[in-house]
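See below for the structure under consideration.
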Amino acid sequence: MSLLRVTPSARSSAASRLLRLGIFLLLSLPDSKGKAIWTAHLNITFQVGNRIISELGESGVFGNHSPLERVAGAVGFPEGWNQNACNPLTNFSRPEQAESWLALIERGGCTFTHKINVAAEKGANGVIIYNYPGTGNKVFPMSHQGTDNIVAVMIGNLKGMELLHLIQKGVYVTIIIEVGRMHMPWLSHYVMSLFTFLAATFVYLFLYCAWRPRAPSSSSRRRRQIKAEVKRAIGQLPVRVIREGDKELDPDKDNCVICFDVYKPQDTVRILNCKHFFHKACIDPWLLAHKTCPMCKCDILKT
Ligand SMILES: [Zn+2]
Ligand SMILES: [Zn+2]
């Protein structure tokens, strides 16, 4: 099962097929402008009784149009019967003592740009938007063109509801938003494509080497076997040296049909089972190639 058995033409056709697949994958690579996603670390601190609880997690992503910078503040939420801050007159409930504050807003009802701008107009230093109910902790980078230099991150619905319940109960919650890590979804797409391509190449080569050479090798084994049988059969055919006075020297007799020469004394001839004879030097290579008498086509392996 060696690569050496693959013929050069087969190898070049396999190589060209792989090259075409490679070019296809290269063309399917998304353009390099594909946006990177930046995660946000939320350092959440609040007080329950005498205990100060602090938790840190990579629980959000920065919006596509948000500055990538650290922002900190107490958390405020929209007053009224909904939390989406779509009404431009929305007031935010926030601790009086806080110098810096972050607006916690529910997704939906209007565009991200709209609600971020509503919070910014009320003086928020950053905006945290939580996803729709039922989406668990799923987040994605929001598009919010037209918001000024205000940090905007999205967090999952579960985390958002947890924070909302705390501050609605009057708990003073502060959050420090820090820039996390960069992810490139298109890069992972490319890595996956590359991995698939390599796996396909290996499977292809494996199947090619395991299966392709087997058919020619069994037929070439058969050819070698027949050749050996022919050689043995030729060796068993009698030879004779022509002497002066032999009837083969009669000018009316046939010539050797392979070289068209007449027989001369001292010529060695090989006599076939069909009784036809030829120069040994002429008939042996002929039989090796054809294994039949050149005159009557009788097969030397069958007679
Ligand atoms: Zn001859
Ligand atoms: Zn013959």
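Residue names in the structure tokens use chain letters A, B, ... in the order shown, residue numbers from 1 in each chain, and ligand numbers from 1 in the order shown.
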
Protein and nucleic acid residues within 8 Å of ligand 1 (only C-alpha atoms and all ligand atoms) as a PyMOL selection string: chain A and resi 255-263+278-283

Neighbouring residues of ligand 2 are defined here as those with any atom at most 10 Å from a ligand atom, counting only C-alpha atoms and all ligand atoms; list them as a ChimeraX atom specification. /A:271-278,292-300

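Considering only C-alpha atoms, the residue among A:Gly180, A:Pro265, A:Pro285, A:Gly60 positioned nearest to Asn131 (chain A) is A:Gly60.
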
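Residues in contact with Ser54 (chain A) at 8 Å, where only C-alpha atoms are counted and same-chain residues fewer than 5 positions away are skipped, are listed as Asn43, Ile44, Thr45 and Phe46 of chain A.
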
Just the strand (DSSP E or B) stuff from region 37-270 of chain A, please, per backbone DSSP, written as an MDAnalysis selection string. chainID A and resid 37:48 51:62 71:78 92:93 101:106 126:130 151:155 173:183 239:241 268:270

Who sits within 12 Å of Glu178 (chain A), only C-alpha atoms, same chain under 6 positions skipped, as a list of chain:residue names: A:Trp38, A:Thr39, A:Ala40, A:His41, A:Leu42, A:Asn43, A:Ile44, A:Leu56, A:Gly57, A:Glu58, A:Ser59, A:Gly60, A:Val61, A:Phe62, A:Pro67, A:Leu68, A:Glu69, A:Arg70, A:Val71, A:Ala72, A:Gly73, A:Gly126, A:Val151, A:Ala152, A:Val153

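In this model, the gap between CA of Val171 (chain A) and CA of Val127 (chain A) comes to 18.8 Å.
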
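Nearest residue to Glu106 (chain A) among A:Gly235, A:Pro78, A:Gly245, A:Pro141 is A:Pro78, counting only C-alpha atoms.
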
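Minimum atom-to-atom distances from A:Leu205, A:Cys110, A:Ala228, A:Ala103 to Gly123 (chain A) were compared using only C-alpha atoms, and the lowest value belongs to A:Ala103.
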
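Pairwise distance (CA of Ala74 (chain A), CA of Leu102 (chain A)) equals 6.0 Å.
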
Please extract the residues of region 107-292 of chain A with a backbone DSSP assignment of helix (DSSP H, G or I) and present them as a PDB file with C-alpha atoms, in the first residue's frame.
```
ATOM      1  CA  PHE A 112     -30.587  49.586  19.509  1.00  0.00           C
ATOM      2  CA  THR A 113     -29.471  53.020  18.312  1.00  0.00           C
ATOM      3  CA  HIS A 114     -32.718  54.595  19.561  1.00  0.00           C
ATOM      4  CA  LYS A 115     -32.605  53.181  23.099  1.00  0.00           C
ATOM      5  CA  ILE A 116     -28.866  53.803  23.485  1.00  0.00           C
ATOM      6  CA  ASN A 117     -29.389  57.441  22.489  1.00  0.00           C
ATOM      7  CA  VAL A 118     -32.325  57.793  24.935  1.00  0.00           C
ATOM      8  CA  ALA A 119     -30.055  56.595  27.772  1.00  0.00           C
ATOM      9  CA  ALA A 120     -27.161  58.772  26.610  1.00  0.00           C
ATOM     10  CA  GLU A 121     -29.404  61.848  26.627  1.00  0.00           C
ATOM     11  CA  ASN A 157     -31.586  37.645  29.246  1.00  0.00           C
ATOM     12  CA  LEU A 158     -31.005  35.552  32.383  1.00  0.00           C
ATOM     13  CA  LYS A 159     -28.187  37.766  33.620  1.00  0.00           C
ATOM     14  CA  GLY A 160     -30.197  40.902  32.740  1.00  0.00           C
ATOM     15  CA  MET A 161     -33.290  39.734  34.656  1.00  0.00           C
ATOM     16  CA  GLU A 162     -31.124  38.821  37.653  1.00  0.00           C
ATOM     17  CA  LEU A 163     -29.657  42.338  37.730  1.00  0.00           C
ATOM     18  CA  LEU A 164     -33.076  43.963  37.184  1.00  0.00           C
ATOM     19  CA  HIS A 165     -34.637  42.065  40.082  1.00  0.00           C
ATOM     20  CA  LEU A 166     -31.799  43.115  42.366  1.00  0.00           C
ATOM     21  CA  ILE A 167     -32.041  46.827  41.593  1.00  0.00           C
ATOM     22  CA  GLN A 168     -35.860  46.775  41.594  1.00  0.00           C
ATOM     23  CA  PRO A 185     -16.137  34.064  13.580  1.00  0.00           C
ATOM     24  CA  TRP A 186     -14.965  34.170   9.951  1.00  0.00           C
ATOM     25  CA  LEU A 187     -11.550  32.900  11.080  1.00  0.00           C
ATOM     26  CA  SER A 188     -13.090  29.913  12.795  1.00  0.00           C
ATOM     27  CA  HIS A 189     -15.157  29.366   9.628  1.00  0.00           C
ATOM     28  CA  TYR A 190     -11.893  29.364   7.679  1.00  0.00           C
ATOM     29  CA  VAL A 191     -10.208  27.007  10.142  1.00  0.00           C
ATOM     30  CA  MET A 192     -13.198  24.664   9.888  1.00  0.00           C
ATOM     31  CA  SER A 193     -13.040  24.791   6.070  1.00  0.00           C
ATOM     32  CA  LEU A 194      -9.323  24.084   6.164  1.00  0.00           C
ATOM     33  CA  PHE A 195      -9.830  21.214   8.575  1.00  0.00           C
ATOM     34  CA  THR A 196     -12.568  19.733   6.370  1.00  0.00           C
ATOM     35  CA  PHE A 197     -10.333  20.127   3.333  1.00  0.00           C
ATOM     36  CA  LEU A 198      -7.413  18.351   5.030  1.00  0.00           C
ATOM     37  CA  ALA A 199      -9.649  15.580   6.334  1.00  0.00           C
ATOM     38  CA  ALA A 200     -11.135  15.090   2.857  1.00  0.00           C
ATOM     39  CA  THR A 201      -7.620  15.003   1.383  1.00  0.00           C
ATOM     40  CA  PHE A 202      -6.498  12.327   3.828  1.00  0.00           C
ATOM     41  CA  VAL A 203      -9.607  10.211   3.272  1.00  0.00           C
ATOM     42  CA  TYR A 204      -9.198  10.593  -0.490  1.00  0.00           C
ATOM     43  CA  LEU A 205      -5.520   9.630  -0.424  1.00  0.00           C
ATOM     44  CA  PHE A 206      -6.205   6.741   1.919  1.00  0.00           C
ATOM     45  CA  LEU A 207      -8.983   5.334  -0.274  1.00  0.00           C
ATOM     46  CA  TYR A 208      -6.915   6.001  -3.372  1.00  0.00           C
ATOM     47  CA  CYS A 209      -3.886   4.137  -2.047  1.00  0.00           C
ATOM     48  CA  ALA A 210      -5.929   1.347  -0.489  1.00  0.00           C
ATOM     49  CA  TRP A 211      -8.082   0.626  -3.498  1.00  0.00           C
ATOM     50  CA  ARG A 214      -4.965  -3.204  -6.139  1.00  0.00           C
ATOM     51  CA  ALA A 215      -6.689  -3.751  -9.528  1.00  0.00           C
ATOM     52  CA  PRO A 216      -3.581  -3.173 -11.710  1.00  0.00           C
ATOM     53  CA  SER A 217      -1.438  -5.205  -9.329  1.00  0.00           C
ATOM     54  CA  SER A 218      -3.670  -8.291  -9.613  1.00  0.00           C
ATOM     55  CA  SER A 219      -3.800  -8.010 -13.423  1.00  0.00           C
ATOM     56  CA  SER A 220      -0.041  -7.478 -13.655  1.00  0.00           C
ATOM     57  CA  ARG A 221       0.460 -10.519 -11.439  1.00  0.00           C
ATOM     58  CA  ARG A 222      -1.656 -12.511 -13.898  1.00  0.00           C
ATOM     59  CA  ARG A 223       0.385 -11.128 -16.836  1.00  0.00           C
ATOM     60  CA  ARG A 224       3.655 -12.159 -15.156  1.00  0.00           C
ATOM     61  CA  GLN A 225       2.198 -15.611 -14.528  1.00  0.00           C
ATOM     62  CA  ILE A 226       1.196 -16.066 -18.205  1.00  0.00           C
ATOM     63  CA  LYS A 227       4.611 -14.872 -19.367  1.00  0.00           C
ATOM     64  CA  ALA A 228       6.305 -17.471 -17.180  1.00  0.00           C
ATOM     65  CA  GLU A 229       4.003 -20.199 -18.559  1.00  0.00           C
ATOM     66  CA  VAL A 230       4.766 -19.121 -22.142  1.00  0.00           C
ATOM     67  CA  LYS A 231       8.514 -19.182 -21.429  1.00  0.00           C
ATOM     68  CA  ARG A 232       8.210 -22.655 -20.004  1.00  0.00           C
ATOM     69  CA  ALA A 233       6.145 -23.836 -23.019  1.00  0.00           C
ATOM     70  CA  ILE A 234       8.683 -22.363 -25.459  1.00  0.00           C
ATOM     71  CA  GLY A 235      11.498 -24.165 -23.637  1.00  0.00           C
ATOM     72  CA  GLN A 236       9.657 -27.458 -24.105  1.00  0.00           C
ATOM     73  CA  LYS A 247      14.435 -31.089 -47.017  1.00  0.00           C
ATOM     74  CA  GLU A 248      13.998 -27.629 -45.436  1.00  0.00           C
ATOM     75  CA  LEU A 249      16.809 -26.416 -47.751  1.00  0.00           C
ATOM     76  CA  LYS A 280      14.687 -20.047 -33.254  1.00  0.00           C
ATOM     77  CA  ALA A 281      15.928 -16.436 -33.071  1.00  0.00           C
ATOM     78  CA  CYS A 282      12.772 -15.312 -34.894  1.00  0.00           C
ATOM     79  CA  ILE A 283      10.057 -17.435 -33.289  1.00  0.00           C
ATOM     80  CA  ASP A 284      11.089 -17.192 -29.605  1.00  0.00           C
ATOM     81  CA  PRO A 285      10.455 -13.421 -29.241  1.00  0.00           C
ATOM     82  CA  TRP A 286       7.298 -13.780 -31.376  1.00  0.00           C
ATOM     83  CA  LEU A 287       5.905 -16.490 -29.098  1.00  0.00           C
ATOM     84  CA  LEU A 288       6.765 -14.484 -26.001  1.00  0.00           C
ATOM     85  CA  ALA A 289       4.671 -11.643 -27.390  1.00  0.00           C
ATOM     86  CA  HIS A 290       1.842 -13.623 -29.086  1.00  0.00           C
TER      87      HIS A 290
END
```

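Across the model, the gap from CA of Ala36 (chain A) to CA of Met184 (chain A) is 4.8 Å.
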
Quick one: residues within 7 Å of Gln266 (chain A), only C-alpha atoms counted, chain neighbours fewer than 2 positions away excluded, as number ranges by chain? A: 241-243, 264, 268
